[in-house]
Amino acid sequence: MKIAHFSRWGFLMAAAGSAVGLGNIWKFPYITGEYGGGAFVLVYLLTVVLVGFSVMIAEMLIGYLGRRDGVGAFEDLAPRHKERWKYAGFMGLSGTLVMFYYSVVIGWIFYYITLSFGTLPATIPEAEGIYNNLMTQGVGTQIFFHTLAFMITTAVLIRGIKGGIEKFNLVLMPSLIMIIAGMLVYAMGMESFPKAVSYMFNPDWSKLTSEAFAVAVGHAFFTLSLGMGAIMIYSASLPKDSNLVRASIFVIVTDTLIALAAGLVLFTFLFQYGAEPAKGPGLVFISLPAVFHAMGLVGNVLAVLFFMALAFAGLTSAVSLVEPMVQYLIDRWDMSRTKAAIAMGTFFYLFGIVAIFSLSAETSAYLTWGGKSFFDWSDYLTSNVFLPFAGLVMAVFVGHIIEKERVASVLQKDMGWFYPIWRFSVRFIAPVALFVVMLNLMGFIEF
Ligand code: TRP
């Protein structure tokens, strides 16, 4: 097989790099703000522990046992009906569809890094003007920075598992962790820090609507990168005799700590300077720049660091979103890595441009269906339909299809008494939870 091996740290950083993404620093704080704080955070944390953890191990296991591209892994591991299970593998390739909008957002972040070197907007309306202008008029600017995101991602993918993905993550992830940790320490010294803590951790159950509940559960899966074959394809490159349980715990703890730290930093800053926590997707692009302005020169430094950390988080996830497809083309279509990376890069690059046009004032009408732009559809379908569905199939596959002995041979020793609990969760709890969440997110049922 043409699979290379990670070093132990290389794998941990790459898997954590996949999980820690725009979801942690951009999305988590704004949805926490939108859905009212504490209770939302608690549901998210519970889902991560109760369901996310067992599905993470299941996805790692498929990759680790399969040792090849996602489609091949399902084929090899299914005891019967191999040609049917192959299609389960194809679902794991949907990560590239996430890139239609993900790469565009990384582009915005690059643009905000350049802004942070100059004068930041002094007021929220001014910041709003810059943001809206970028969305509706700034097609050229967006394409420029989206191109940059495409070039970096593709260059890393061309260099492969060891020389590209591992090295990239070994540099970017520690830098990102240091920046966020440093900002957390800085925020802790501010008067509003306790207020941010209580906002995030004091549950006000009256704010937990059924929608908030579903979004919290859905986000727990999104932020762990589950159901898109990313964790699976990285696990195919795990060194032999790896402890999947410990690796999962590492990824989950890192991912959760970064999300919580980012939330605390943002809310402290926002409260300190009297900005609104419930600002929606514009939170880090509108409220935050105005807050950085109010801080003076320190604010510029913090702004550059913050947007750099955000870009690092996005890029390390981006690479893992496309790698499953790249490995598939290498294994199945006999392509060289260079060709496969360029082909898939170009694919998401072109659709990313469509996503940019779908937001622009002149063209959005042609690229909007059912009230959602192409950009929104790419987010909606991947997060609310493909991701929970693929997660469900993976849990069922590991829990009910792969031979029991094969699963046990890898996990039983490392898990001990926890093994039956995990097995029960993967067989019954996770599939039911994912099914209910999927129906709810798609609007078929309400809680
Ligand atoms: N976890 C990433 C984030 O928080 C986003 C993401 C979702 C992802 N699914 C993925 C990244 C699959 C890589 C692979 O931003």
# chains A, B, ... in the order shown; residues from 1 in each chain; ligands from 1
$ residues_near_ligand --ligand "ligand 1" --cutoff "9 Å" --atoms "only C-alpha atoms and all ligand atoms" --output "PyMOL selection string"
chain A and resi 15-28+94-96+98+102+219-231+255+259+313-314+316-323+382-383+387
$ residues_around --residues "Gly70 in chain A" --least-positions-apart "4" --cutoff "7 Å" --atoms "only C-alpha atoms" --output "list in words"
Phe74, Gly89, Gly92, Gly229, Met232, Ile233 and Pro324 of chain A
$ write_last_selection --atoms "C-alpha atoms" --output "compact mmCIF listing (two decimals), in the first residue's frame"
# COMPACT_ATOMS: atom_id res chain seq x y z
CA PHE A 74 -14.77 -0.22 4.29
CA GLY A 89 -16.53 4.96 2.26
CA GLY A 92 -16.28 9.93 4.04
CA GLY A 229 -13.00 10.54 6.79
CA MET A 232 -9.96 7.92 9.44
CA ILE A 233 -7.36 8.69 6.77
CA PRO A 324 -9.14 11.63 2.18
$ atom_distance --atom1 "CA of Pro277 in chain A" --atom2 "CA of Ala262 in chain A"
13.3 Å
$ closest_residue --among "A:Gln272, A:Ser198, A:Ser54, A:Ser287" --to "Ile130 in chain A" --atoms "only C-alpha atoms"
A:Ser287
$ residues_around --residues "range 345-352 of chain A" --least-positions-apart "3" --cutoff "9 Å" --atoms "only C-alpha atoms" --output "PyMOL selection string"
chain A and resi 96-104+143+146-147+150-151+153-154+157+322+340-342+355-357+375
$ write_last_selection --atoms "N, CA and C atoms" --output "short mmCIF file (atom, residue, chain, number, x, y, z; two decimals), in the first residue's frame"
data_model
loop_
_atom_site.label_atom_id
_atom_site.label_comp_id
_atom_site.auth_asym_id
_atom_site.auth_seq_id
_atom_site.Cartn_x
_atom_site.Cartn_y
_atom_site.Cartn_z
N THR A 96 -14.21 17.40 1.18
CA THR A 96 -13.83 18.35 0.14
C THR A 96 -14.96 19.35 -0.12
N LEU A 97 -16.20 18.92 0.11
CA LEU A 97 -17.34 19.84 -0.08
C LEU A 97 -17.35 20.93 0.99
N VAL A 98 -16.86 20.59 2.18
CA VAL A 98 -16.75 21.60 3.24
C VAL A 98 -15.82 22.72 2.78
N MET A 99 -14.80 22.32 2.01
CA MET A 99 -13.81 23.30 1.58
C MET A 99 -14.38 24.38 0.67
N PHE A 100 -15.55 24.12 0.06
CA PHE A 100 -16.16 25.15 -0.80
C PHE A 100 -16.32 26.45 -0.02
N TYR A 101 -16.69 26.35 1.26
CA TYR A 101 -16.80 27.60 2.02
C TYR A 101 -15.65 27.81 3.00
N TYR A 102 -15.07 26.68 3.48
CA TYR A 102 -14.03 26.77 4.50
C TYR A 102 -12.83 27.58 3.98
N SER A 103 -12.45 27.30 2.74
CA SER A 103 -11.30 27.99 2.17
C SER A 103 -11.59 29.49 2.00
N VAL A 104 -12.84 29.79 1.69
CA VAL A 104 -13.22 31.20 1.54
C VAL A 104 -13.09 31.93 2.88
N ILE A 143 -11.34 36.58 -3.73
CA ILE A 143 -10.72 35.58 -4.60
C ILE A 143 -9.21 35.56 -4.40
N HIS A 146 -8.58 33.74 -1.12
CA HIS A 146 -9.00 32.34 -1.28
C HIS A 146 -7.95 31.58 -2.10
N THR A 147 -7.39 32.26 -3.09
CA THR A 147 -6.32 31.65 -3.90
C THR A 147 -5.13 31.30 -3.03
N PHE A 150 -5.91 28.25 -1.04
CA PHE A 150 -5.83 27.09 -1.94
C PHE A 150 -4.38 26.69 -2.19
N MET A 151 -3.51 27.69 -2.41
CA MET A 151 -2.11 27.38 -2.73
C MET A 151 -1.40 26.74 -1.55
N THR A 153 -2.77 25.09 1.04
CA THR A 153 -3.33 23.76 1.28
C THR A 153 -2.80 22.74 0.28
N THR A 154 -2.81 23.12 -1.00
CA THR A 154 -2.38 22.18 -2.04
C THR A 154 -0.88 21.88 -1.91
N LEU A 157 -0.40 19.35 0.78
CA LEU A 157 -0.89 18.03 0.37
C LEU A 157 0.06 17.36 -0.62
N VAL A 322 -9.20 17.64 2.72
CA VAL A 322 -8.98 17.24 1.33
C VAL A 322 -8.19 15.93 1.23
N ALA A 340 -2.98 14.26 -7.84
CA ALA A 340 -4.20 14.12 -7.03
C ALA A 340 -4.44 15.39 -6.21
N ALA A 341 -3.37 15.91 -5.61
CA ALA A 341 -3.51 17.11 -4.77
C ALA A 341 -3.94 18.30 -5.62
N ILE A 342 -3.34 18.44 -6.80
CA ILE A 342 -3.70 19.57 -7.65
C ILE A 342 -5.14 19.42 -8.16
N ALA A 355 -18.88 30.02 -4.38
CA ALA A 355 -19.37 30.44 -3.05
C ALA A 355 -19.18 31.94 -2.84
N ILE A 356 -18.05 32.47 -3.30
CA ILE A 356 -17.79 33.91 -3.16
C ILE A 356 -18.84 34.70 -3.95
N PHE A 357 -19.09 34.27 -5.18
CA PHE A 357 -20.09 34.98 -5.98
C PHE A 357 -21.48 34.86 -5.38
N PHE A 375 -22.93 29.27 -0.73
CA PHE A 375 -22.05 29.26 0.44
C PHE A 375 -22.76 28.59 1.62
#
$ residues_around --residues "Asn133 in chain A" --least-positions-apart "3" --cutoff "12 Å" --atoms "only C-alpha atoms" --output "PyMOL selection string"
chain A and resi 108+125-130+136-142+286+359-361
$ residues_around --residues "Tyr35 in chain A" --least-positions-apart "6" --cutoff "10 Å" --atoms "only C-alpha atoms" --output "PDB file with N, CA, C and O atoms, in the first residue's frame"
ATOM      1  N   VAL A  41     -23.233  25.457  26.399  1.00  0.00           N
ATOM      2  CA  VAL A  41     -21.877  24.925  26.541  1.00  0.00           C
ATOM      3  C   VAL A  41     -21.923  23.557  27.223  1.00  0.00           C
ATOM      4  O   VAL A  41     -21.218  22.622  26.833  1.00  0.00           O
ATOM      5  N   LYS A 207     -32.756  29.301  28.624  1.00  0.00           N
ATOM      6  CA  LYS A 207     -32.284  29.696  27.295  1.00  0.00           C
ATOM      7  C   LYS A 207     -32.061  28.513  26.373  1.00  0.00           C
ATOM      8  O   LYS A 207     -31.750  28.675  25.201  1.00  0.00           O
ATOM      9  N   LEU A 208     -32.172  27.293  26.931  1.00  0.00           N
ATOM     10  CA  LEU A 208     -31.883  26.121  26.119  1.00  0.00           C
ATOM     11  C   LEU A 208     -33.107  25.700  25.315  1.00  0.00           C
ATOM     12  O   LEU A 208     -33.842  24.795  25.678  1.00  0.00           O
ATOM     13  N   THR A 209     -33.297  26.341  24.166  1.00  0.00           N
ATOM     14  CA  THR A 209     -34.398  25.966  23.279  1.00  0.00           C
ATOM     15  C   THR A 209     -34.053  24.647  22.595  1.00  0.00           C
ATOM     16  O   THR A 209     -32.910  24.193  22.666  1.00  0.00           O
ATOM     17  N   GLU A 211     -33.799  24.168  19.516  1.00  0.00           N
ATOM     18  CA  GLU A 211     -32.835  24.472  18.455  1.00  0.00           C
ATOM     19  C   GLU A 211     -31.426  24.561  19.033  1.00  0.00           C
ATOM     20  O   GLU A 211     -30.473  24.014  18.482  1.00  0.00           O
ATOM     21  N   ALA A 212     -31.305  25.239  20.177  1.00  0.00           N
ATOM     22  CA  ALA A 212     -29.999  25.378  20.827  1.00  0.00           C
ATOM     23  C   ALA A 212     -29.427  24.004  21.141  1.00  0.00           C
ATOM     24  O   ALA A 212     -28.241  23.735  20.933  1.00  0.00           O
ATOM     25  N   PHE A 213     -30.293  23.116  21.610  1.00  0.00           N
ATOM     26  CA  PHE A 213     -29.872  21.764  21.950  1.00  0.00           C
ATOM     27  C   PHE A 213     -29.299  21.053  20.728  1.00  0.00           C
ATOM     28  O   PHE A 213     -28.200  20.500  20.755  1.00  0.00           O
ATOM     29  N   VAL A 215     -28.195  22.337  17.920  1.00  0.00           N
ATOM     30  CA  VAL A 215     -26.982  22.968  17.403  1.00  0.00           C
ATOM     31  C   VAL A 215     -25.780  22.571  18.260  1.00  0.00           C
ATOM     32  O   VAL A 215     -24.693  22.302  17.743  1.00  0.00           O
ATOM     33  N   ALA A 216     -25.978  22.498  19.578  1.00  0.00           N
ATOM     34  CA  ALA A 216     -24.878  22.119  20.473  1.00  0.00           C
ATOM     35  C   ALA A 216     -24.407  20.699  20.174  1.00  0.00           C
ATOM     36  O   ALA A 216     -23.201  20.435  20.089  1.00  0.00           O
ATOM     37  N   ALA A 278     -23.851  38.400  21.414  1.00  0.00           N
ATOM     38  CA  ALA A 278     -24.668  37.689  20.431  1.00  0.00           C
ATOM     39  C   ALA A 278     -24.633  38.392  19.090  1.00  0.00           C
ATOM     40  O   ALA A 278     -25.565  39.072  18.687  1.00  0.00           O
ATOM     41  N   GLY A 280     -23.582  36.783  16.097  1.00  0.00           N
ATOM     42  CA  GLY A 280     -23.628  35.896  14.948  1.00  0.00           C
ATOM     43  C   GLY A 280     -22.273  35.713  14.292  1.00  0.00           C
ATOM     44  O   GLY A 280     -21.246  36.050  14.887  1.00  0.00           O
TER      45      GLY A 280
END
$ atom_distance --atom1 "CA of Met438 in chain A" --atom2 "CA of Tyr380 in chain A"
11.5 Å
$ residues_around --residues "range 112-123 of chain A" --least-positions-apart "2" --cutoff "6 Å" --atoms "only C-alpha atoms" --output "list in words"
Ile109, Phe110, Pro125, Glu126, Ala127, Ala290, His293, Asn300, Ala303, Val304 and Phe307 of chain A
$ write_last_selection --atoms "all heavy atoms" --output "PDB file, in the first residue's frame"
ATOM      1  N   ILE A 109      -9.861  35.547   6.732  1.00  0.00           N
ATOM      2  CA  ILE A 109      -8.949  35.679   7.872  1.00  0.00           C
ATOM      3  C   ILE A 109      -7.618  36.289   7.414  1.00  0.00           C
ATOM      4  O   ILE A 109      -7.073  37.181   8.057  1.00  0.00           O
ATOM      5  CB  ILE A 109      -8.741  34.312   8.551  1.00  0.00           C
ATOM      6  CG1 ILE A 109     -10.080  33.823   9.108  1.00  0.00           C
ATOM      7  CG2 ILE A 109      -7.704  34.398   9.651  1.00  0.00           C
ATOM      8  CD1 ILE A 109     -10.092  32.355   9.441  1.00  0.00           C
ATOM      9  N   PHE A 110      -7.126  35.823   6.270  1.00  0.00           N
ATOM     10  CA  PHE A 110      -5.897  36.425   5.723  1.00  0.00           C
ATOM     11  C   PHE A 110      -6.081  37.932   5.523  1.00  0.00           C
ATOM     12  O   PHE A 110      -5.213  38.733   5.847  1.00  0.00           O
ATOM     13  CB  PHE A 110      -5.541  35.794   4.370  1.00  0.00           C
ATOM     14  CG  PHE A 110      -5.002  34.392   4.471  1.00  0.00           C
ATOM     15  CD1 PHE A 110      -5.145  33.507   3.413  1.00  0.00           C
ATOM     16  CD2 PHE A 110      -4.330  33.955   5.610  1.00  0.00           C
ATOM     17  CE1 PHE A 110      -4.646  32.214   3.488  1.00  0.00           C
ATOM     18  CE2 PHE A 110      -3.831  32.667   5.702  1.00  0.00           C
ATOM     19  CZ  PHE A 110      -3.999  31.797   4.630  1.00  0.00           C
ATOM     20  N   PRO A 125     -20.327  50.028  13.925  1.00  0.00           N
ATOM     21  CA  PRO A 125     -20.882  50.285  12.582  1.00  0.00           C
ATOM     22  C   PRO A 125     -19.788  50.358  11.517  1.00  0.00           C
ATOM     23  O   PRO A 125     -19.967  49.855  10.396  1.00  0.00           O
ATOM     24  CB  PRO A 125     -21.574  51.645  12.734  1.00  0.00           C
ATOM     25  CG  PRO A 125     -21.864  51.772  14.184  1.00  0.00           C
ATOM     26  CD  PRO A 125     -20.799  51.025  14.900  1.00  0.00           C
ATOM     27  N   GLU A 126     -18.658  50.950  11.884  1.00  0.00           N
ATOM     28  CA  GLU A 126     -17.566  51.026  10.916  1.00  0.00           C
ATOM     29  C   GLU A 126     -17.050  49.623  10.583  1.00  0.00           C
ATOM     30  O   GLU A 126     -16.807  49.287   9.416  1.00  0.00           O
ATOM     31  CB  GLU A 126     -16.432  51.871  11.527  1.00  0.00           C
ATOM     32  CG  GLU A 126     -15.484  52.444  10.488  1.00  0.00           C
ATOM     33  CD  GLU A 126     -14.326  53.171  11.174  1.00  0.00           C
ATOM     34  OE1 GLU A 126     -14.592  53.943  12.147  1.00  0.00           O
ATOM     35  OE2 GLU A 126     -13.183  52.949  10.770  1.00  0.00           O
ATOM     36  N   ALA A 127     -16.918  48.795  11.630  1.00  0.00           N
ATOM     37  CA  ALA A 127     -16.449  47.419  11.433  1.00  0.00           C
ATOM     38  C   ALA A 127     -17.447  46.633  10.598  1.00  0.00           C
ATOM     39  O   ALA A 127     -17.072  45.845   9.728  1.00  0.00           O
ATOM     40  CB  ALA A 127     -16.240  46.730  12.779  1.00  0.00           C
ATOM     41  N   ALA A 290     -13.276  45.990  16.461  1.00  0.00           N
ATOM     42  CA  ALA A 290     -13.564  47.255  17.155  1.00  0.00           C
ATOM     43  C   ALA A 290     -12.998  47.225  18.574  1.00  0.00           C
ATOM     44  O   ALA A 290     -12.478  48.224  19.079  1.00  0.00           O
ATOM     45  CB  ALA A 290     -15.068  47.517  17.172  1.00  0.00           C
ATOM     46  N   HIS A 293      -9.354  47.777  18.417  1.00  0.00           N
ATOM     47  CA  HIS A 293      -9.075  49.198  18.206  1.00  0.00           C
ATOM     48  C   HIS A 293      -9.039  49.945  19.541  1.00  0.00           C
ATOM     49  O   HIS A 293      -8.153  50.745  19.802  1.00  0.00           O
ATOM     50  CB  HIS A 293     -10.118  49.842  17.296  1.00  0.00           C
ATOM     51  CG  HIS A 293      -9.923  51.323  17.129  1.00  0.00           C
ATOM     52  ND1 HIS A 293      -9.193  51.855  16.086  1.00  0.00           N
ATOM     53  CD2 HIS A 293     -10.307  52.380  17.891  1.00  0.00           C
ATOM     54  CE1 HIS A 293      -9.155  53.172  16.201  1.00  0.00           C
ATOM     55  NE2 HIS A 293      -9.832  53.518  17.290  1.00  0.00           N
ATOM     56  N   ASN A 300      -3.507  46.089  18.216  1.00  0.00           N
ATOM     57  CA  ASN A 300      -2.996  45.681  16.901  1.00  0.00           C
ATOM     58  C   ASN A 300      -2.177  44.402  17.001  1.00  0.00           C
ATOM     59  O   ASN A 300      -2.323  43.492  16.183  1.00  0.00           O
ATOM     60  CB  ASN A 300      -2.113  46.785  16.301  1.00  0.00           C
ATOM     61  CG  ASN A 300      -2.949  47.890  15.692  1.00  0.00           C
ATOM     62  OD1 ASN A 300      -3.381  48.795  16.402  1.00  0.00           O
ATOM     63  ND2 ASN A 300      -3.200  47.797  14.404  1.00  0.00           N
ATOM     64  N   ALA A 303      -4.496  41.608  17.633  1.00  0.00           N
ATOM     65  CA  ALA A 303      -5.284  41.319  16.436  1.00  0.00           C
ATOM     66  C   ALA A 303      -4.483  40.462  15.460  1.00  0.00           C
ATOM     67  O   ALA A 303      -4.982  39.456  14.948  1.00  0.00           O
ATOM     68  CB  ALA A 303      -5.739  42.617  15.765  1.00  0.00           C
ATOM     69  N   VAL A 304      -3.226  40.857  15.226  1.00  0.00           N
ATOM     70  CA  VAL A 304      -2.390  40.077  14.302  1.00  0.00           C
ATOM     71  C   VAL A 304      -2.250  38.649  14.819  1.00  0.00           C
ATOM     72  O   VAL A 304      -2.453  37.674  14.086  1.00  0.00           O
ATOM     73  CB  VAL A 304      -0.995  40.727  14.133  1.00  0.00           C
ATOM     74  CG1 VAL A 304      -0.083  39.816  13.327  1.00  0.00           C
ATOM     75  CG2 VAL A 304      -1.123  42.087  13.457  1.00  0.00           C
ATOM     76  N   PHE A 307      -5.692  36.643  14.603  1.00  0.00           N
ATOM     77  CA  PHE A 307      -6.076  36.193  13.259  1.00  0.00           C
ATOM     78  C   PHE A 307      -5.073  35.192  12.692  1.00  0.00           C
ATOM     79  O   PHE A 307      -5.434  34.320  11.905  1.00  0.00           O
ATOM     80  CB  PHE A 307      -6.297  37.391  12.332  1.00  0.00           C
ATOM     81  CG  PHE A 307      -7.592  38.102  12.615  1.00  0.00           C
ATOM     82  CD1 PHE A 307      -7.610  39.402  13.107  1.00  0.00           C
ATOM     83  CD2 PHE A 307      -8.805  37.456  12.429  1.00  0.00           C
ATOM     84  CE1 PHE A 307      -8.814  40.057  13.393  1.00  0.00           C
ATOM     85  CE2 PHE A 307     -10.008  38.085  12.718  1.00  0.00           C
ATOM     86  CZ  PHE A 307     -10.010  39.388  13.194  1.00  0.00           C
TER      87      PHE A 307
END
$ closest_residue --among "A:Trp333, A:Tyr328, A:Phe306, A:Phe269" --to "Leu93 in chain A" --atoms "only C-alpha atoms"
A:Tyr328
$ atom_distance --atom1 "CA of Val51 in chain A" --atom2 "CA of Ala430 in chain A"
5.6 Å
$ closest_residue --among "A:Ala247, A:Ile161, A:Met200, A:Val436" --to "Gln327 in chain A" --atoms "only C-alpha atoms"
A:Ile161
$ residues_around --residues "Trp85 in chain A" --least-positions-apart "5" --cutoff "9 Å" --atoms "only C-alpha atoms" --output "ChimeraX atom specification"
/A:71,74-75,78,80,397
$ closest_residue --among "A:Leu184, A:Val326, A:Ile124, A:Met415" --to "Phe285 in chain A" --atoms "only C-alpha atoms"
A:Ile124
